[in-house]
>>> print(open('entry16.txt').read())   # compact mmCIF, C-alpha atoms (C1' of nucleotides)
# COMPACT_ATOMS: atom_id res chain seq x y z
CA MET A 144 65.31 -94.04 193.78
CA ASN A 145 66.97 -97.22 194.95
CA LEU A 146 70.32 -97.52 196.64
CA ALA A 147 72.17 -98.53 193.47
CA ASP A 148 70.88 -95.46 191.68
CA ASN A 149 71.64 -93.22 194.63
CA ILE A 150 75.23 -94.31 194.66
CA LYS A 151 75.60 -93.85 190.95
CA VAL A 152 74.13 -90.36 191.04
CA ILE A 153 76.17 -89.28 194.04
CA ARG A 154 79.35 -90.76 192.56
CA GLU A 155 78.80 -88.79 189.38
CA GLU A 156 78.06 -85.61 191.31
CA LYS A 157 81.42 -86.05 192.97
CA SER A 158 83.06 -86.76 189.63
CA LEU A 159 84.46 -90.08 190.72
CA LYS A 160 85.12 -93.01 188.38
CA GLN A 161 83.72 -96.44 189.11
CA ILE A 162 87.23 -97.76 189.51
CA GLU A 163 87.95 -95.23 192.25
CA VAL A 164 84.97 -96.21 194.34
CA ALA A 165 85.62 -99.85 193.54
CA SER A 166 89.16 -99.77 194.84
CA HIS A 167 88.10 -97.76 197.87
CA ILE A 168 85.73 -100.51 198.93
CA GLY A 169 88.02 -103.25 197.76
CA VAL A 170 86.20 -104.90 194.87
CA ASP A 171 86.95 -105.48 191.23
CA LYS A 172 85.65 -102.85 188.84
CA SER A 173 83.37 -105.47 187.28
CA ALA A 174 81.83 -106.14 190.66
CA TYR A 175 81.31 -102.45 191.22
CA SER A 176 79.64 -102.08 187.86
CA LYS A 177 77.23 -104.82 188.88
CA ILE A 178 76.52 -102.98 192.11
CA GLU A 179 75.49 -99.80 190.33
CA LYS A 180 73.41 -101.82 187.88
CA GLY A 181 71.66 -103.54 190.76
CA LEU A 182 73.00 -106.95 189.73
CA ARG A 183 74.71 -107.51 193.03
CA ALA A 184 73.87 -106.24 196.48
CA LEU A 185 76.02 -103.90 198.48
CA THR A 186 77.12 -105.19 201.83
CA ILE A 187 76.72 -102.95 204.84
CA ASP A 188 80.45 -102.78 205.13
CA GLU A 189 80.77 -101.53 201.59
CA LEU A 190 77.96 -99.06 202.11
CA GLN A 191 79.78 -97.61 205.09
CA LYS A 192 82.98 -97.25 203.12
CA ILE A 193 81.14 -95.58 200.29
CA ALA A 194 79.39 -93.22 202.67
CA GLN A 195 82.74 -92.37 204.16
CA LEU A 196 84.18 -91.67 200.72
CA PHE A 197 81.19 -89.51 199.92
CA ASN A 198 81.39 -87.71 203.24
CA MET A 199 77.88 -88.70 204.13
CA THR A 200 76.12 -90.90 206.67
CA THR A 201 74.78 -94.23 205.52
CA ASP A 202 71.27 -92.91 206.05
CA GLN A 203 71.98 -89.99 203.77
CA VAL A 204 73.18 -92.33 201.05
CA ILE A 205 70.25 -94.70 201.48
CA ASN A 206 67.65 -91.95 201.52
CA TYR A 207 69.36 -89.71 199.04
CA ASP A 208 66.96 -87.67 197.00
CA GLY A 209 68.54 -85.25 194.60
CA LYS A 210 65.48 -83.02 194.67
CA MET A 211 65.50 -79.51 196.10
CA PRO A 212 64.87 -79.20 199.81
CA LYS A 213 61.33 -78.49 200.91
CA GLU A 214 60.10 -75.71 203.15
CA VAL A 215 60.14 -76.07 206.89
CA THR A 216 57.13 -75.38 209.08
CA LEU A 217 57.64 -75.51 212.80
CA GLU A 218 54.08 -74.82 213.82
CA ASP A 219 52.74 -78.36 213.49
CA LYS A 220 55.81 -80.11 214.85
CA THR A 221 56.26 -81.47 218.36
CA ALA A 222 58.27 -79.50 220.88
CA VAL A 223 61.05 -82.06 220.74
CA GLU A 224 61.23 -81.78 216.99
CA GLN A 225 61.13 -77.99 217.20
CA MET A 226 64.09 -78.04 219.54
CA ARG A 227 65.97 -80.36 217.27
CA LEU A 228 65.42 -78.00 214.34
CA ILE A 229 66.38 -74.92 216.29
CA GLN A 230 69.62 -76.63 217.28
CA GLN A 231 70.38 -76.93 213.60
CA LEU A 232 70.42 -73.22 213.06
CA ASP A 233 73.70 -71.47 212.54
CA GLU A 234 75.02 -69.85 215.71
CA ASP A 235 74.24 -66.27 214.71
CA ASP A 236 70.74 -67.09 213.54
CA ARG A 237 70.05 -68.76 216.85
CA GLN A 238 71.39 -65.71 218.67
CA THR A 239 69.02 -63.50 216.72
CA ILE A 240 66.07 -65.67 217.58
CA PHE A 241 66.91 -65.73 221.26
CA LYS A 242 67.41 -61.99 221.46
CA LEU A 243 64.10 -61.48 219.77
CA ILE A 244 62.42 -63.84 222.18
CA ASP A 245 64.02 -61.98 225.07
CA LYS A 246 62.59 -58.73 223.76
CA MET A 247 59.19 -60.24 223.27
CA LEU A 248 59.16 -61.76 226.73
CA THR A 249 60.28 -58.53 228.34
CA ASN A 250 57.65 -56.74 226.38
CA LYS A 251 55.01 -59.17 227.48
CA LYS A 252 55.99 -58.73 231.09
CA PHE A 253 55.44 -55.00 230.84
CA LYS A 254 52.23 -55.48 228.98
CA ASP A 255 50.92 -57.89 231.59
CA PHE A 256 52.07 -55.57 234.31
CA PHE A 257 50.14 -52.62 232.93
CA GLN A 258 47.20 -54.80 232.14
CA LYS A 259 46.94 -55.70 235.78
CA ASN A 260 48.02 -52.46 237.48
CA VAL A 261 47.05 -49.61 235.21
CA ALA A 262 44.04 -50.79 233.28
CA ALA A 263 42.07 -50.75 236.49
CA LEU A 264 42.51 -46.99 236.82
CA MET B 290 80.46 -102.81 219.63
CA ASN B 291 79.87 -104.34 216.24
CA LEU B 292 76.62 -104.46 214.35
CA ALA B 293 75.80 -108.02 215.34
CA ASP B 294 76.18 -107.18 219.01
CA ASN B 295 74.20 -103.98 218.65
CA ILE B 296 71.29 -105.85 217.19
CA LYS B 297 71.38 -108.48 219.87
CA VAL B 298 71.49 -105.91 222.66
CA ILE B 299 68.74 -103.80 221.17
CA ARG B 300 66.57 -106.84 220.49
CA GLU B 301 66.91 -107.91 224.10
CA GLU B 302 66.14 -104.43 225.35
CA LYS B 303 62.93 -104.60 223.36
CA SER B 304 62.20 -108.09 224.71
CA LEU B 305 61.94 -109.63 221.29
CA LYS B 306 62.77 -113.26 220.51
CA GLN B 307 65.15 -114.14 217.73
CA ILE B 308 62.31 -115.86 215.89
CA GLU B 309 60.31 -112.63 215.89
CA VAL B 310 63.04 -110.58 214.33
CA ALA B 311 63.87 -113.47 212.03
CA SER B 312 60.38 -113.71 210.64
CA HIS B 313 60.14 -109.95 210.34
CA ILE B 314 63.13 -109.87 208.05
CA GLY B 315 62.21 -113.11 206.36
CA VAL B 316 64.93 -115.55 207.34
CA ASP B 317 65.07 -118.86 209.13
CA LYS B 318 65.72 -118.72 212.87
CA SER B 319 69.00 -120.54 212.32
CA ALA B 320 70.09 -117.87 209.86
CA TYR B 321 69.16 -115.17 212.33
CA SER B 322 71.13 -116.86 215.06
CA LYS B 323 74.14 -116.79 212.76
CA ILE B 324 73.59 -113.09 212.19
CA GLU B 325 73.70 -112.26 215.88
CA LYS B 326 76.73 -114.48 216.33
CA GLY B 327 78.48 -112.70 213.51
CA LEU B 328 78.65 -115.87 211.43
CA ARG B 329 76.74 -114.35 208.57
CA ALA B 330 76.49 -110.76 207.44
CA LEU B 331 73.34 -108.71 207.49
CA THR B 332 72.23 -107.37 204.15
CA ILE B 333 71.32 -103.71 203.90
CA ASP B 334 67.77 -104.71 203.23
CA GLU B 335 67.62 -106.73 206.41
CA LEU B 336 69.25 -103.95 208.38
CA GLN B 337 66.58 -101.56 207.21
CA LYS B 338 63.81 -103.93 208.20
CA ILE B 339 65.38 -104.44 211.61
CA ALA B 340 65.78 -100.71 212.10
CA GLN B 341 62.12 -100.30 211.20
CA LEU B 342 61.11 -102.97 213.69
CA PHE B 343 63.24 -101.29 216.35
CA ASN B 344 61.87 -97.87 215.50
CA MET B 345 65.31 -96.53 214.77
CA THR B 346 67.27 -95.29 211.81
CA THR B 347 69.88 -97.55 210.29
CA ASP B 348 72.55 -95.16 211.52
CA GLN B 349 71.25 -95.44 215.05
CA VAL B 350 71.43 -99.22 214.87
CA ILE B 351 74.90 -99.20 213.34
CA ASN B 352 76.30 -96.69 215.80
CA TYR B 353 74.43 -97.90 218.83
CA ASP B 354 76.56 -97.52 221.91
CA GLY B 355 74.58 -99.23 224.60
CA LYS B 356 74.16 -96.09 226.65
CA MET B 357 70.56 -95.46 227.40
CA PRO B 358 68.30 -92.80 225.97
CA LYS B 359 69.11 -89.16 226.01
CA GLU B 360 65.58 -87.90 226.04
CA VAL B 361 66.79 -84.83 227.87
CA THR B 362 70.45 -84.75 228.76
CA LEU B 363 72.07 -81.96 230.73
CA GLU B 364 73.56 -80.66 227.55
CA ASP B 365 70.29 -79.68 225.93
CA LYS B 366 68.68 -78.84 229.24
CA THR B 367 69.05 -75.24 228.15
CA ALA B 368 67.15 -76.03 224.99
CA VAL B 369 64.29 -77.37 227.04
CA GLU B 370 64.30 -74.18 229.01
CA GLN B 371 64.33 -72.25 225.78
CA MET B 372 61.28 -74.06 224.55
CA ARG B 373 59.53 -73.49 227.85
CA LEU B 374 60.06 -69.78 227.44
CA ILE B 375 58.88 -69.80 223.85
CA GLN B 376 55.71 -71.54 224.96
CA GLN B 377 55.04 -68.60 227.25
CA LEU B 378 54.92 -66.13 224.41
CA ASP B 379 51.64 -64.73 223.19
CA GLU B 380 50.19 -66.59 220.24
CA ASP B 381 51.10 -63.98 217.65
CA ASP B 382 54.62 -63.50 218.97
CA ARG B 383 55.16 -67.25 218.88
CA GLN B 384 53.86 -67.32 215.33
CA THR B 385 56.38 -64.65 214.43
CA ILE B 386 59.22 -66.59 215.98
CA PHE B 387 58.21 -69.81 214.31
CA LYS B 388 57.89 -68.16 210.94
CA LEU B 389 61.30 -66.60 211.36
CA ILE B 390 62.87 -69.89 212.38
CA ASP B 391 61.15 -71.57 209.45
CA LYS B 392 62.68 -69.02 207.13
CA MET B 393 66.10 -69.42 208.65
CA LEU B 394 65.97 -73.19 208.49
CA THR B 395 64.67 -73.23 204.95
CA ASN B 396 67.32 -70.74 204.06
CA LYS B 397 70.01 -72.86 205.62
CA LYS B 398 68.79 -75.95 203.81
CA PHE B 399 69.00 -74.18 200.50
CA LYS B 400 72.38 -72.79 201.40
CA ASP B 401 73.67 -76.25 202.27
CA PHE B 402 72.07 -77.66 199.16
CA PHE B 403 73.75 -75.17 196.88
CA GLN B 404 76.99 -75.52 198.78
CA LYS B 405 76.97 -79.18 197.92
CA ASN B 406 75.51 -79.16 194.44
CA VAL B 407 76.34 -75.89 192.79
CA ALA B 408 79.44 -74.56 194.46
CA ALA B 409 81.58 -76.86 192.36
CA LEU B 410 80.57 -75.08 189.14
C1' DT C 99 89.52 -91.74 162.52
C1' DT C 100 92.42 -93.97 165.82
C1' DT C 101 93.70 -94.23 170.62
C1' DT C 102 92.61 -94.23 175.44
C1' DT C 103 89.62 -94.28 179.07
C1' DT C 104 85.60 -95.88 181.24
C1' DG C 105 81.98 -99.03 181.94
C1' DT C 106 79.64 -103.77 180.98
C1' DT C 107 79.05 -108.78 180.28
C1' DG C 108 80.26 -113.92 180.25
C1' DC C 109 81.88 -117.62 182.66
C1' DG C 110 83.87 -121.33 185.68
C1' DA C 111 85.66 -121.38 190.34
C1' DA C 112 85.11 -120.14 195.04
C1' DA C 113 82.56 -118.41 198.77
C1' DA C 114 78.42 -117.48 201.21
C1' DA C 115 73.63 -118.27 202.44
C1' DG C 116 69.62 -121.29 202.85
C1' DG C 117 67.06 -124.15 205.93
C1' DA C 118 65.77 -128.68 208.01
C1' DA C 119 66.87 -131.21 211.78
C1' DA C 120 69.69 -132.53 215.58
C1' DC C 121 71.56 -130.59 219.53
C1' DA C 122 72.13 -127.50 223.59
C1' DT C 123 70.71 -124.36 226.97
C1' DA C 124 67.55 -121.70 229.56
C1' DT C 125 63.06 -121.04 231.71
C1' DA C 126 58.73 -122.78 233.59
C1' DA C 127 55.72 -126.28 235.54
C1' DT C 128 54.76 -130.25 238.39
C1' DA D 76 64.56 -132.08 242.19
C1' DT D 77 62.51 -133.88 237.26
C1' DT D 78 60.16 -133.13 233.39
C1' DA D 79 58.41 -130.24 229.93
C1' DT D 80 58.63 -126.26 226.95
C1' DA D 81 60.56 -122.47 224.84
C1' DT D 82 64.58 -120.35 222.94
C1' DG D 83 68.92 -120.34 220.79
C1' DT D 84 72.93 -122.90 218.30
C1' DT D 85 75.33 -126.08 215.23
C1' DT D 86 75.75 -129.45 211.62
C1' DC D 87 75.39 -130.80 206.94
C1' DC D 88 74.26 -130.66 202.36
C1' DT D 89 72.00 -127.92 198.60
C1' DT D 90 71.31 -123.76 196.27
C1' DT D 91 72.53 -119.10 195.38
C1' DT D 92 75.63 -115.39 195.11
C1' DT D 93 79.97 -113.40 194.43
C1' DC D 94 84.60 -113.39 192.61
C1' DG D 95 87.69 -111.47 189.19
C1' DC D 96 89.77 -112.14 184.83
C1' DA D 97 89.31 -111.33 180.18
C1' DA D 98 86.70 -110.19 176.28
C1' DC D 99 83.60 -106.82 174.82
C1' DA D 100 81.15 -102.21 174.18
C1' DA D 101 80.70 -97.31 174.70
C1' DA D 102 82.31 -92.80 175.43
C1' DA D 103 85.86 -89.27 175.49
C1' DA D 104 90.27 -87.57 173.96
C1' DA D 105 93.80 -87.09 170.69
>>> encode(input="entry16.txt", output="structure tokens")
Amino acid sequence: MNLADNIKVIREEKSLKQIEVASHIGVDKSAYSKIEKGLRALTIDELQKIAQLFNMTTDQVINYDGKMPKEVTLEDKTAVEQMRLIQQLDEDDRQTIFKLIDKMLTNKKFKDFFQKNVAAL
Amino acid sequence: MNLADNIKVIREEKSLKQIEVASHIGVDKSAYSKIEKGLRALTIDELQKIAQLFNMTTDQVINYDGKMPKEVTLEDKTAVEQMRLIQQLDEDDRQTIFKLIDKMLTNKKFKDFFQKNVAAL
DNA sequence: TTTTTTGTTGCGAAAAAGGAAACATATAAT
DNA sequence: ATTATATGTTTCCTTTTTCGCAACAAAAAA
């Protein structure tokens, strides 16, 4: 999908008319039509205004991909990326994870302790 | 800071010459000079190529604020600590955590997706 | 069907971009 | 310092793009 198509699709998802987006970015409706048809390029300024109207970042508009989200797998990601993803969790989910980790760590400490002090008996 | 300034500052931080960026985006050096001086607008296409050359997203270039990296700022210092603790877990416990986080993240993505695309129905 | 709304196309005028070359400034070498 | 070289800027004219009205076409509503 190219940028022109992205904008058209997103605009339609938001049930906006061409004229509404056009006036928001300050161009004639004919010019806007050309934009969606790929007959005239969007300026960065216009893109930013459109993104603002759509409540999205410019990157999200540029890389828009209407397809369903794909699964996430942390395992193969770098630690930095893992952190970034964990930060994205909702507050309560993150709480759950941390509590679980606390339990696991506590558990491990006991396990290690017995391993070292009791197994020798 | 405006976009033209951002690009200039970032280019200089990366020790690139105007001519190098110019040829990467396919314009004459004089045109590129005009871009940095704000005498001619960047196209979205050019912005994307520049972002690629700079190893940044277009949003990062647009919203660049001069302040240096934030590899690990105080704010997410706790996150680093969190990761350090997770690394200490036994392999199978870590697997469990990761799988759970994966599920939560995937879940959240779907939730957000439906929020945006289906909730309006 | 007949209206009304929404989107597209044609066209001359106006604005912007292209790029070669002259010019200016900074950096390096002698 | 002076000269050379590398880097960045400006001028000037040509080419390309955009402008926006108005006519046109298509779709939706009445």
>>> atom_distance(input="entry16.txt", atom1="atom CA of Glu380 of chain B", atom2="atom CA of Leu243 of chain A")
14.8 Å
>>> interface_residues(input="entry16.txt", of="chain C", to="chain A", cutoff="9 Å", atoms="all atoms listed in the file", output="number ranges by chain")
C: 104-107
>>> write_last_selection(input="entry16.txt", atoms="C-alpha atoms (C1' of nucleotides)", output="compact mmCIF listing (two decimals), in the frame of the given file")
# COMPACT_ATOMS: atom_id res chain seq x y z
C1' DT C 104 85.60 -95.88 181.24
C1' DG C 105 81.98 -99.03 181.94
C1' DT C 106 79.64 -103.77 180.98
C1' DT C 107 79.05 -108.78 180.28
>>> closest_residue(input="entry16.txt", among="B:Leu328, B:Leu342, B:Ile333, B:Ile351", to="chain D", atoms="all atoms listed in the file")
B:Leu328
>>> atom_distance(input="entry16.txt", atom1="atom CA of Lys242 of chain A", atom2="atom CA of Ile390 of chain B")
12.9 Å
>>> closest_residue(input="entry16.txt", among="A:Val152, A:Met144, A:Leu190, A:Leu185", to="chain D", atoms="only C-alpha atoms (C1' of nucleotides)")
A:Leu185
>>> interface_residues(input="entry16.txt", of="chain D", to="chain A", cutoff="10 Å", atoms="only C-alpha atoms (C1' of nucleotides)", output="list in words")
DT92, DT93, DC94, DG95 and DC96 of chain D
>>> closest_atom_pairs(input="entry16.txt", of="chain B", to="chain A", cutoff="6 Å", atoms="all atoms listed in the file", output="CSV")
residue,atom,partner,partner_atom,distance
B:Thr332,CA,A:Thr186,CA,5.8
B:Ile333,CA,A:Ile187,CA,5.5
B:Phe387,CA,A:Leu217,CA,5.9
B:Asp391,CA,A:Val215,CA,5.3
B:Thr395,CA,A:Glu214,CA,5.5
>>> atom_distance(input="entry16.txt", atom1="atom C1' of DA112 of chain C", atom2="atom CA of Asn145 of chain A")
29.2 Å
>>> axis_aligned_box(input="entry16.txt", around="segment 100-115 of chain C", padding_each_side="8 Å", output="JSON")
{"center_x": 83.7, "center_y": -107.7, "center_z": 184.1, "size_x": 36.1, "size_y": 43.4, "size_z": 52.6}
>>> closest_residue(input="entry16.txt", among="D:DA104, D:DA98, D:DC88, D:DA79", to="DG116 of chain C", atoms="all atoms listed in the file")
D:DC88
>>> residues_near_point(input="entry16.txt", point="(63.8, -121.3, 230.4)", cutoff="8 Å", atoms="all atoms listed in the file", output="ChimeraX atom specification")
/C:124-126 /D:80-82
